[in-house]
Structures are given as C-alpha cells and as structure tokens.
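As stored in start_33.csv (CSV, C-alpha atoms and all ligand atoms):
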```csv
chain,number,residue,atom,x,y,z
O,1,MET,CA,3.1,-15.6,19.6
O,2,PRO,CA,0.2,-13.4,18.7
O,3,TYR,CA,1.3,-10.0,17.6
O,4,ALA,CA,0.1,-7.4,20.2
O,5,HIS,CA,-1.4,-4.1,19.2
O,6,ALA,CA,0.8,-1.1,19.4
O,7,LEU,CA,-1.9,0.8,21.3
O,8,CYS,CA,-3.4,-2.0,23.4
O,9,SER,CA,-2.7,-5.5,24.6
O,10,MET,CA,-5.3,-7.2,22.4
O,11,PRO,CA,-3.8,-10.1,20.6
O,12,TYR,CA,-3.6,-9.5,16.9
O,13,ALA,CA,-5.8,-12.6,16.1
O,14,LEU,CA,-8.7,-10.7,17.7
O,15,CYS,CA,-8.5,-8.0,15.0
O,16,VAL,CA,-11.7,-8.2,13.0
O,17,ARG,CA,-11.5,-5.4,10.4
O,18,THR,CA,-8.1,-4.4,9.0
O,19,LEU,CA,-7.7,-1.6,6.5
O,20,ILE,CA,-5.3,-2.6,3.7
O,21,VAL,CA,-3.4,0.3,2.1
O,22,ALA,CA,-0.6,0.4,-0.6
O,23,ASP,CA,1.3,3.2,-2.2
O,24,VAL,CA,0.0,6.0,0.1
O,25,HIS,CA,2.9,8.1,-1.3
O,26,ALA,CA,2.7,11.0,1.2
O,27,ASN,CA,-0.9,11.8,0.1
O,28,LEU,CA,-2.4,12.8,3.4
O,29,ALA,CA,-5.9,13.9,2.1
O,30,ALA,CA,-6.3,10.6,0.3
O,31,PHE,CA,-5.2,8.6,3.4
O,32,GLU,CA,-7.6,10.5,5.6
O,33,ALA,CA,-10.5,10.1,3.2
O,34,VAL,CA,-9.9,6.3,3.0
O,35,ILE,CA,-9.8,6.0,6.8
O,36,ALA,CA,-12.9,8.1,7.2
O,37,GLN,CA,-14.8,6.0,4.6
O,38,ALA,CA,-13.7,2.7,6.0
O,39,GLU,CA,-14.5,3.8,9.5
O,40,ALA,CA,-18.0,4.9,8.4
O,41,MET,CA,-18.6,1.2,7.3
O,42,GLY,CA,-17.4,-0.1,10.7
O,43,ALA,CA,-14.6,0.4,13.2
O,44,ILE,CA,-11.1,-0.4,11.9
O,45,ASP,CA,-9.0,-2.4,14.3
O,46,ALA,CA,-5.6,-2.1,12.5
O,47,ILE,CA,-4.0,-0.9,9.3
O,48,TRP,CA,-1.7,-3.0,7.1
O,49,CYS,CA,0.6,-0.9,4.8
O,50,LEU,CA,2.1,-2.6,1.8
O,51,GLY,CA,4.9,-0.1,1.2
O,52,ASP,CA,5.6,3.3,-0.4
O,53,LEU,CA,4.0,5.2,2.5
O,54,VAL,CA,6.1,8.2,1.3
O,55,GLY,CA,7.6,9.6,-1.9
O,56,TYR,CA,5.9,11.7,-4.6
O,57,GLY,CA,3.6,13.6,-2.3
O,58,ALA,CA,4.1,16.6,0.0
O,59,GLU,CA,3.1,15.2,3.4
O,60,PRO,CA,5.4,12.3,4.2
O,61,GLY,CA,5.8,12.9,7.9
O,62,GLU,CA,2.0,13.4,8.4
O,63,CYS,CA,1.3,10.1,6.6
O,64,ILE,CA,3.8,8.2,8.8
O,65,ALA,CA,2.2,9.8,11.9
O,66,LEU,CA,-1.3,8.8,10.8
O,67,LEU,CA,-0.3,5.2,10.2
O,68,ARG,CA,1.5,5.0,13.6
O,69,SER,CA,-1.6,6.4,15.3
O,70,TYR,CA,-3.3,3.0,14.5
O,71,PRO,CA,-2.3,-0.5,15.5
O,72,HIS,CA,-0.4,-1.4,12.3
O,73,ARG,CA,1.8,-3.7,10.3
O,74,ALA,CA,4.0,-2.3,7.6
O,75,ILE,CA,6.6,-3.3,5.1
O,76,ALA,CA,9.1,-1.3,3.1
O,77,GLY,CA,8.6,-0.2,-0.5
O,78,ASN,CA,11.3,1.2,-2.8
O,79,HIS,CA,10.4,4.8,-2.1
O,80,ASP,CA,10.5,4.2,1.7
O,81,LEU,CA,14.0,2.7,1.4
O,82,VAL,CA,15.3,5.7,-0.6
O,83,ALA,CA,13.5,8.2,1.8
O,84,CYS,CA,15.5,6.9,4.8
O,85,GLY,CA,18.8,6.6,3.0
O,86,VAL,CA,19.0,2.8,2.8
O,87,MET,CA,19.0,2.9,-1.0
O,88,GLY,CA,20.2,5.5,-3.5
O,89,THR,CA,18.1,7.1,-6.3
O,90,GLU,CA,20.0,5.6,-9.2
O,91,ASP,CA,17.1,3.3,-10.2
O,92,PHE,CA,14.5,6.1,-10.1
O,93,ASN,CA,13.4,8.3,-12.9
O,94,ARG,CA,14.1,12.0,-12.5
O,95,PRO,CA,10.8,13.2,-10.9
O,96,ALA,CA,10.8,10.2,-8.5
O,97,ALA,CA,14.5,10.9,-7.6
O,98,MET,CA,13.8,14.6,-7.0
O,99,ALA,CA,10.8,13.7,-4.7
O,100,ALA,CA,12.8,11.1,-2.9
O,101,GLU,CA,15.6,13.6,-2.1
O,102,TRP,CA,13.0,16.2,-1.1
O,103,THR,CA,11.5,13.6,1.3
O,104,LEU,CA,14.8,12.5,2.7
O,105,GLN,CA,15.6,16.2,3.6
O,106,ARG,CA,12.3,16.7,5.4
O,107,LEU,CA,11.8,13.6,7.4
O,108,THR,CA,12.9,13.7,11.1
O,109,GLU,CA,15.5,11.2,12.4
O,110,ASP,CA,12.6,9.4,14.2
O,111,GLU,CA,10.6,9.2,11.0
O,112,GLN,CA,13.6,7.9,9.0
O,113,ALA,CA,14.3,5.3,11.8
O,114,PHE,CA,10.7,4.1,11.5
O,115,LEU,CA,11.2,3.6,7.7
O,116,ARG,CA,14.6,1.9,8.2
O,117,ALA,CA,13.1,-0.6,10.6
O,118,LEU,CA,10.4,-1.8,8.1
O,119,PRO,CA,10.9,-5.4,7.0
O,120,LEU,CA,10.7,-6.4,3.3
O,121,THR,CA,8.2,-9.2,3.9
O,122,LEU,CA,5.8,-10.1,6.8
O,123,VAL,CA,3.6,-13.1,7.5
O,124,GLU,CA,0.5,-12.3,9.5
O,125,ALA,CA,-1.9,-15.2,10.1
O,126,ASP,CA,-2.9,-16.4,6.7
O,127,PHE,CA,-1.4,-13.5,4.8
O,128,THR,CA,2.0,-12.6,3.4
O,129,LEU,CA,2.7,-8.9,2.9
O,130,VAL,CA,5.2,-7.7,0.4
O,131,HIS,CA,5.6,-4.6,-1.8
O,132,GLY,CA,6.7,-6.1,-5.1
O,133,SER,CA,6.6,-9.9,-5.1
O,134,LEU,CA,8.4,-12.8,-3.4
O,135,ARG,CA,10.6,-12.9,-6.6
O,136,ASP,CA,11.9,-9.4,-5.7
O,137,PRO,CA,10.2,-7.7,-2.7
O,138,VAL,CA,11.3,-4.2,-3.6
O,139,TRP,CA,11.2,-3.9,-7.4
O,140,ASP,CA,9.0,-6.6,-9.0
O,141,TYR,CA,5.8,-5.5,-10.6
O,142,LEU,CA,3.3,-8.4,-10.1
O,143,ILE,CA,1.2,-7.7,-13.2
O,144,SER,CA,1.3,-10.9,-15.3
O,145,ASP,CA,0.3,-14.5,-15.0
O,146,ARG,CA,3.9,-15.6,-15.5
O,147,ILE,CA,5.2,-13.4,-12.6
O,148,ALA,CA,2.2,-14.4,-10.4
O,149,GLU,CA,2.8,-18.1,-11.0
O,150,THR,CA,6.5,-17.9,-9.8
O,151,HIS,CA,5.4,-15.7,-6.9
O,152,LEU,CA,2.6,-18.1,-5.8
O,153,GLU,CA,5.1,-21.0,-5.9
O,154,GLN,CA,7.1,-19.2,-3.2
O,155,GLN,CA,4.1,-17.9,-1.2
O,156,PRO,CA,4.1,-19.5,2.3
O,157,THR,CA,0.5,-18.6,3.2
O,158,PRO,CA,-2.9,-19.1,1.4
O,159,TYR,CA,-3.2,-15.4,0.7
O,160,CYS,CA,-0.8,-12.5,-0.1
O,161,LEU,CA,-1.2,-8.8,-0.5
O,162,VAL,CA,1.2,-6.6,-2.6
O,163,GLY,CA,1.5,-3.0,-3.8
O,164,HIS,CA,4.0,-1.3,-6.2
O,165,SER,CA,2.0,-1.4,-9.5
O,166,HIS,CA,-0.7,0.9,-8.2
O,167,LEU,CA,-3.2,-1.3,-10.0
O,168,PRO,CA,-6.1,-3.2,-8.2
O,169,LEU,CA,-5.5,-6.8,-9.3
O,170,VAL,CA,-6.0,-10.4,-8.2
O,171,PHE,CA,-4.2,-13.5,-9.4
O,172,TYR,CA,-5.4,-16.9,-8.3
O,173,GLU,CA,-3.3,-20.0,-8.3
O,174,GLY,CA,-4.0,-21.8,-11.6
O,175,GLY,CA,-4.0,-18.7,-13.8
O,176,ARG,CA,-7.3,-17.0,-13.2
O,177,HIS,CA,-6.8,-13.3,-12.8
O,178,GLY,CA,-8.4,-9.9,-13.4
O,179,PHE,CA,-8.7,-6.2,-12.6
O,180,VAL,CA,-10.6,-5.7,-9.4
O,181,GLN,CA,-13.8,-3.6,-9.7
O,182,GLU,CA,-14.9,-1.3,-6.9
O,183,GLY,CA,-17.1,-3.3,-4.4
O,184,LEU,CA,-15.7,-6.7,-5.3
O,185,ARG,CA,-15.9,-9.1,-2.4
O,186,LEU,CA,-13.1,-11.8,-2.4
O,187,ARG,CA,-14.0,-14.8,-0.2
O,188,LEU,CA,-11.2,-16.2,1.8
O,189,GLY,CA,-11.6,-19.9,0.8
O,190,ALA,CA,-9.5,-22.8,-0.4
O,191,GLU,CA,-8.2,-21.0,-3.5
O,192,ARG,CA,-4.8,-19.4,-3.0
O,193,PHE,CA,-4.4,-15.9,-4.3
O,194,VAL,CA,-2.2,-12.7,-4.4
O,195,ALA,CA,-4.0,-9.4,-4.6
O,196,ASN,CA,-3.2,-5.7,-4.9
O,197,PRO,CA,-5.7,-3.2,-3.4
O,198,GLY,CA,-4.6,-0.5,-5.9
O,199,GLY,CA,-2.7,2.7,-5.3
O,200,LEU,CA,-4.1,4.8,-2.5
O,201,GLY,CA,-2.1,8.0,-3.0
O,202,GLN,CA,-1.4,7.8,-6.7
O,203,PRO,CA,-3.8,5.4,-8.5
O,204,ARG,CA,-2.8,4.3,-12.0
O,205,ASP,CA,-5.9,2.5,-13.3
O,206,GLY,CA,-7.5,5.6,-14.8
O,207,ASP,CA,-9.7,6.2,-11.7
O,208,PRO,CA,-8.3,9.1,-9.7
O,209,ARG,CA,-10.1,8.2,-6.5
O,210,ALA,CA,-8.0,6.6,-3.7
O,211,ALA,CA,-8.0,2.7,-3.8
O,212,TYR,CA,-7.9,0.5,-0.8
O,213,ALA,CA,-9.3,-2.8,0.6
O,214,VAL,CA,-10.8,-4.0,3.9
O,215,LEU,CA,-10.0,-7.4,5.4
O,216,ASP,CA,-12.9,-8.7,7.5
O,217,LEU,CA,-11.8,-11.9,9.4
O,218,ASP,CA,-15.3,-12.5,10.8
O,219,ALA,CA,-16.9,-12.4,7.4
O,220,ARG,CA,-13.8,-14.1,5.9
O,221,GLU,CA,-13.7,-11.7,3.0
O,222,LEU,CA,-11.5,-9.0,1.4
O,223,THR,CA,-13.5,-6.1,-0.1
O,224,PHE,CA,-12.2,-3.4,-2.5
O,225,HIS,CA,-13.2,0.2,-2.3
O,226,ARG,CA,-12.6,3.7,-3.8
O,227,ALA,CA,-12.7,7.0,-1.9
O,228,ALA,CA,-12.9,10.5,-3.4
O,229,TYR,CA,-10.7,13.2,-1.8
O,230,ASP,CA,-9.7,16.8,-2.5
O,231,ILE,CA,-7.3,16.3,-5.4
O,232,GLU,CA,-6.9,20.0,-6.2
O,233,ALA,CA,-5.8,20.9,-2.7
O,234,THR,CA,-3.3,18.0,-2.8
O,235,GLN,CA,-2.0,19.1,-6.2
O,236,ALA,CA,-1.5,22.7,-4.8
O,237,LYS,CA,0.5,21.3,-1.9
O,238,ILE,CA,2.8,19.4,-4.3
O,239,ARG,CA,3.3,22.4,-6.5
O,240,ASP,CA,3.9,24.8,-3.5
O,241,ALA,CA,6.5,22.4,-2.1
O,242,GLY,CA,8.5,22.7,-5.3
O,243,LEU,CA,8.1,19.1,-6.2
O,244,PRO,CA,8.0,18.2,-9.9
O,245,PRO,CA,4.6,19.4,-11.3
O,246,ILE,CA,4.0,16.1,-13.1
O,247,LEU,CA,3.5,14.5,-9.7
O,248,ALA,CA,0.6,16.9,-9.1
O,249,ASP,CA,-0.8,16.6,-12.7
O,250,ARG,CA,-1.1,12.9,-12.8
O,251,LEU,CA,-3.3,12.7,-9.7
O,252,SER,CA,-6.3,14.1,-11.6
O,253,GLN,CA,-5.8,11.6,-14.4
O,254,GLY,CA,-5.4,8.5,-12.2
O,255,ARG,CA,-2.3,7.6,-14.2
O,301,ZN,ZN,4.5,3.2,-5.4
```

Since I need it in another form, could you write the structure as structure tokens?
Amino acid sequence: MPYAHALCSMPYALCVRTLIVADVHANLAAFEAVIAQAEAMGAIDAIWCLGDLVGYGAEPGECIALLRSYPHRAIAGNHDLVACGVMGTEDFNRPAAMAAEWTLQRLTEDEQAFLRALPLTLVEADFTLVHGSLRDPVWDYLISDRIAETHLEQQPTPYCLVGHSHLPLVFYEGGRHGFVQEGLRLRLGAERFVANPGGLGQPRDGDPRAAYAVLDLDARELTFHRAAYDIEATQAKIRDAGLPPILADRLSQGR
C-alpha cells in the first residue's frame, strides 16, 4: 500500500524531493530557515523527521505545527517521548529534564497526542527511519563502527536515516565511514549505509548553522546542507522563556 500524503491523495512513491530533518528541538527559526533554503533549491514534496522535534527550545508547538503543515513521516525521539508523558525525565541531565518538563506543560493535548502516536521505527520505500539505532531506537548513539556494524546487520532496507547524536555522519556496510561535509552528494547505489543529517535545531559538530539533508528520488541521491538562521533571536526566546541559559549559549557554539 503506498502511503498517501496527508494533504493530497498523491501516492508517497511519487514524492520526488523529501526534506530530511533530525533533532529540530523546538528551534522554529532554524526549521523555517532550512525549509526556505531547501524550497529555494526546488519544491519539497514531504518532510521526514527523525525524532526530537521538541525539547530544549522555546517553540515546541510551532515546530509541531510546521511539520504537520507538510506531508510528513515522523518517528519519536527521547525528548518527544518525555514531552508527551510517555517517559519520565530520570535519564535526562538537569537542563534537559527542566526543558522537558517546561515543554510538557506548554503542549496542548492535541500536540501531545501527536507525539504519543509517533512510532519508534518506520520503513518507507528503501529507507528505515529511527532516532537512535536499531539496537536501541530511543537511546543509542550511532557514532562508532562497532555500533554501526550491529545496526546494519539488523537494517531491513538498503538505506537508513538516524538522528540523536546531532552529528552529520555516514557509515557504510563494511566499515567505511566519515563526517559529512556540507554539499556532499551520497549516491543511492548498491552500497548499504546508515546516515545522520546532523542536528537541525542544536548542531554539535562545531558549526552553529542548522544541518539537514534532501533526498531526491529522481536523481537517486541524498545531499547534505547547512542553513544560517537568527541564532541571537532564538537564544533570546530561550532565555525569556526561563529555560536553562546553557540551552541558549550552546547554539552559538554549535556544541
Ligand atoms: Zn536530540
């Protein structure tokens, strides 16, 4: 059964350009900048969200609404599960726990129901989507060859997209791997891989610009991009909301 668009009846298989986002973390300005930049390169037919749409940032409801305004596929991240009450904050550090509780209090019942309904993994055409890894969809950081190898053994599709580490990375079956540079074009060929587009709303690779990827099924390639956004205004919103200041400070460092 082809998945039908939320906003039209076009079968999912007819989607050509899909925006790939991970770890938006309630950073609306970054999310809007990414969509605008991606749309300027060509129309976006859908968005795939790899978890942690909310948490840390000051505009969780706005980010949920923006994702839902596009045809989309989404899976749950650890912050999403805490922000809708499915999980407690006991495994979070203090700033993360404070932000999660702040988010839980602000989301409407409808927004929480949206998060609660997110699956932990999804298979869409040739892609598996999961926040952590197939070893542990919620918590695993897919950042080493050893972890990638075990994950790839369980990967049911040729390609997989993950989030959680906030680092743009690719691991191929057989051990080849590397940090992804801006502008990289990954061909969808015979080689199986798992890739992370990087953190959109809170990058951790030292580059403060929002990270994302675009999947083009016509060109059979996945491309990696960065978008500048108004970091200072976003930091002011976080501080004004009474969220832990470290969550604002780290945005300008990309750490
Ligand atoms: Zn995250």

Close residues, O:Thr128 itself excluded, 8 Å, all atoms listed in the file, min 2 positions apart in chain, as an MDAnalysis selection string: chainID O and resid 121:124 126 130 155:157 159:161

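Once all atoms listed in the file are used for the distance check, the residues close to ligand ZN 301 (chain O) at 7 Å turn out to be Asp23, His25, Asp52, His79, His164, Ser165 and His166 of chain O.
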
Quick one, how far is atom CA of O:Thr108 from atom CA of O:Gly242?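 For atom CA of O:Thr108 relative to atom CA of O:Gly242, the distance reads 19.2 Å.
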
Using all atoms listed in the file, list the residues that have an atom at most 9 Å from (-9.1, -19.4, -4.4), coordinates as in the file, as a PDB file with C-alpha atoms, in the coordinates of the input.
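Output file out-v9.pdb follows:
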```pdb
ATOM      1  CA  PRO O 158      -2.900 -19.100   1.400  1.00  0.00           C
ATOM      2  CA  TYR O 159      -3.200 -15.400   0.700  1.00  0.00           C
ATOM      3  CA  TYR O 172      -5.400 -16.900  -8.300  1.00  0.00           C
ATOM      4  CA  GLU O 173      -3.300 -20.000  -8.300  1.00  0.00           C
ATOM      5  CA  LEU O 186     -13.100 -11.800  -2.400  1.00  0.00           C
ATOM      6  CA  ARG O 187     -14.000 -14.800  -0.200  1.00  0.00           C
ATOM      7  CA  LEU O 188     -11.200 -16.200   1.800  1.00  0.00           C
ATOM      8  CA  GLY O 189     -11.600 -19.900   0.800  1.00  0.00           C
ATOM      9  CA  ALA O 190      -9.500 -22.800  -0.400  1.00  0.00           C
ATOM     10  CA  GLU O 191      -8.200 -21.000  -3.500  1.00  0.00           C
ATOM     11  CA  ARG O 192      -4.800 -19.400  -3.000  1.00  0.00           C
ATOM     12  CA  PHE O 193      -4.400 -15.900  -4.300  1.00  0.00           C
TER      13      PHE O 193
END
```

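For the pair atom CA of O:Tyr70 and atom CA of O:Asp230, the separation is 22.8 Å.
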
Non-local contacts of stretch 207-224 of chain O (10 Å; all atoms listed in the file; under 6 positions in same chain excluded) as JSON, numbers by chain: {"O": [13, 14, 15, 16, 17, 18, 19, 20, 21, 22, 23, 24, 27, 29, 30, 31, 33, 34, 35, 38, 41, 44, 46, 47, 48, 166, 167, 168, 180, 181, 182, 183, 184, 185, 186, 187, 188, 189, 195, 196, 197, 198, 199, 200, 201, 230, 231, 250, 251, 252, 253, 254, 255]}

Please identify all polymer residues within 8 Å of O:Pro60, counting only C-alpha atoms, omitting same-chain residues fewer than 5 positions from it, and present them as a PDB file with C-alpha atoms, in the frame of the given file.
```pdb
ATOM      1  CA  HIS O  25       2.900   8.100  -1.300  1.00  0.00           C
ATOM      2  CA  ALA O  26       2.700  11.000   1.200  1.00  0.00           C
ATOM      3  CA  ASN O  27      -0.900  11.800   0.100  1.00  0.00           C
ATOM      4  CA  LEU O  28      -2.400  12.800   3.400  1.00  0.00           C
ATOM      5  CA  LEU O  53       4.000   5.200   2.500  1.00  0.00           C
ATOM      6  CA  VAL O  54       6.100   8.200   1.300  1.00  0.00           C
ATOM      7  CA  GLY O  55       7.600   9.600  -1.900  1.00  0.00           C
ATOM      8  CA  THR O 103      11.500  13.600   1.300  1.00  0.00           C
ATOM      9  CA  LEU O 107      11.800  13.600   7.400  1.00  0.00           C
TER      10      LEU O 107
END
```

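Going from atom CA of O:Leu134 to atom CA of O:Leu152 covers 8.2 Å.
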
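Take the candidates O:Ala241, O:Trp139, O:Ile246, O:Arg146 and check each one against O:Arg106 using all atoms listed in the file; the shortest distance goes to O:Ala241.
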
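Candidate residues O:Ile64, O:Ser133, O:Ile143, O:His151 were compared for distance to O:Asp110, and the nearest is O:Ile64, using all atoms listed in the file.
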
So, counting only C-alpha atoms, which residue among O:Leu118, O:Ala76, O:Ala236, O:Leu247 is closest to O:Pro203? O:Leu247

Closest of O:Ala148, O:Ala100, O:Ala228, O:Cys49 to O:Gln37 - atom-to-atom distances counting only C-alpha atoms: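 When distances to O:Gln37 are compared using only C-alpha atoms, the smallest one comes from O:Ala228.
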
List as a list in words: which residues have an atom within 7 Å of (7.1, -6.1, -1.5), counting only C-alpha atoms? Leu50, Gly51, Ala76, Gly77, Leu120, Thr121, Leu129, Val130, His131, Gly132, Ser133, Pro137, Val138, Val162 and Gly163 of chain O
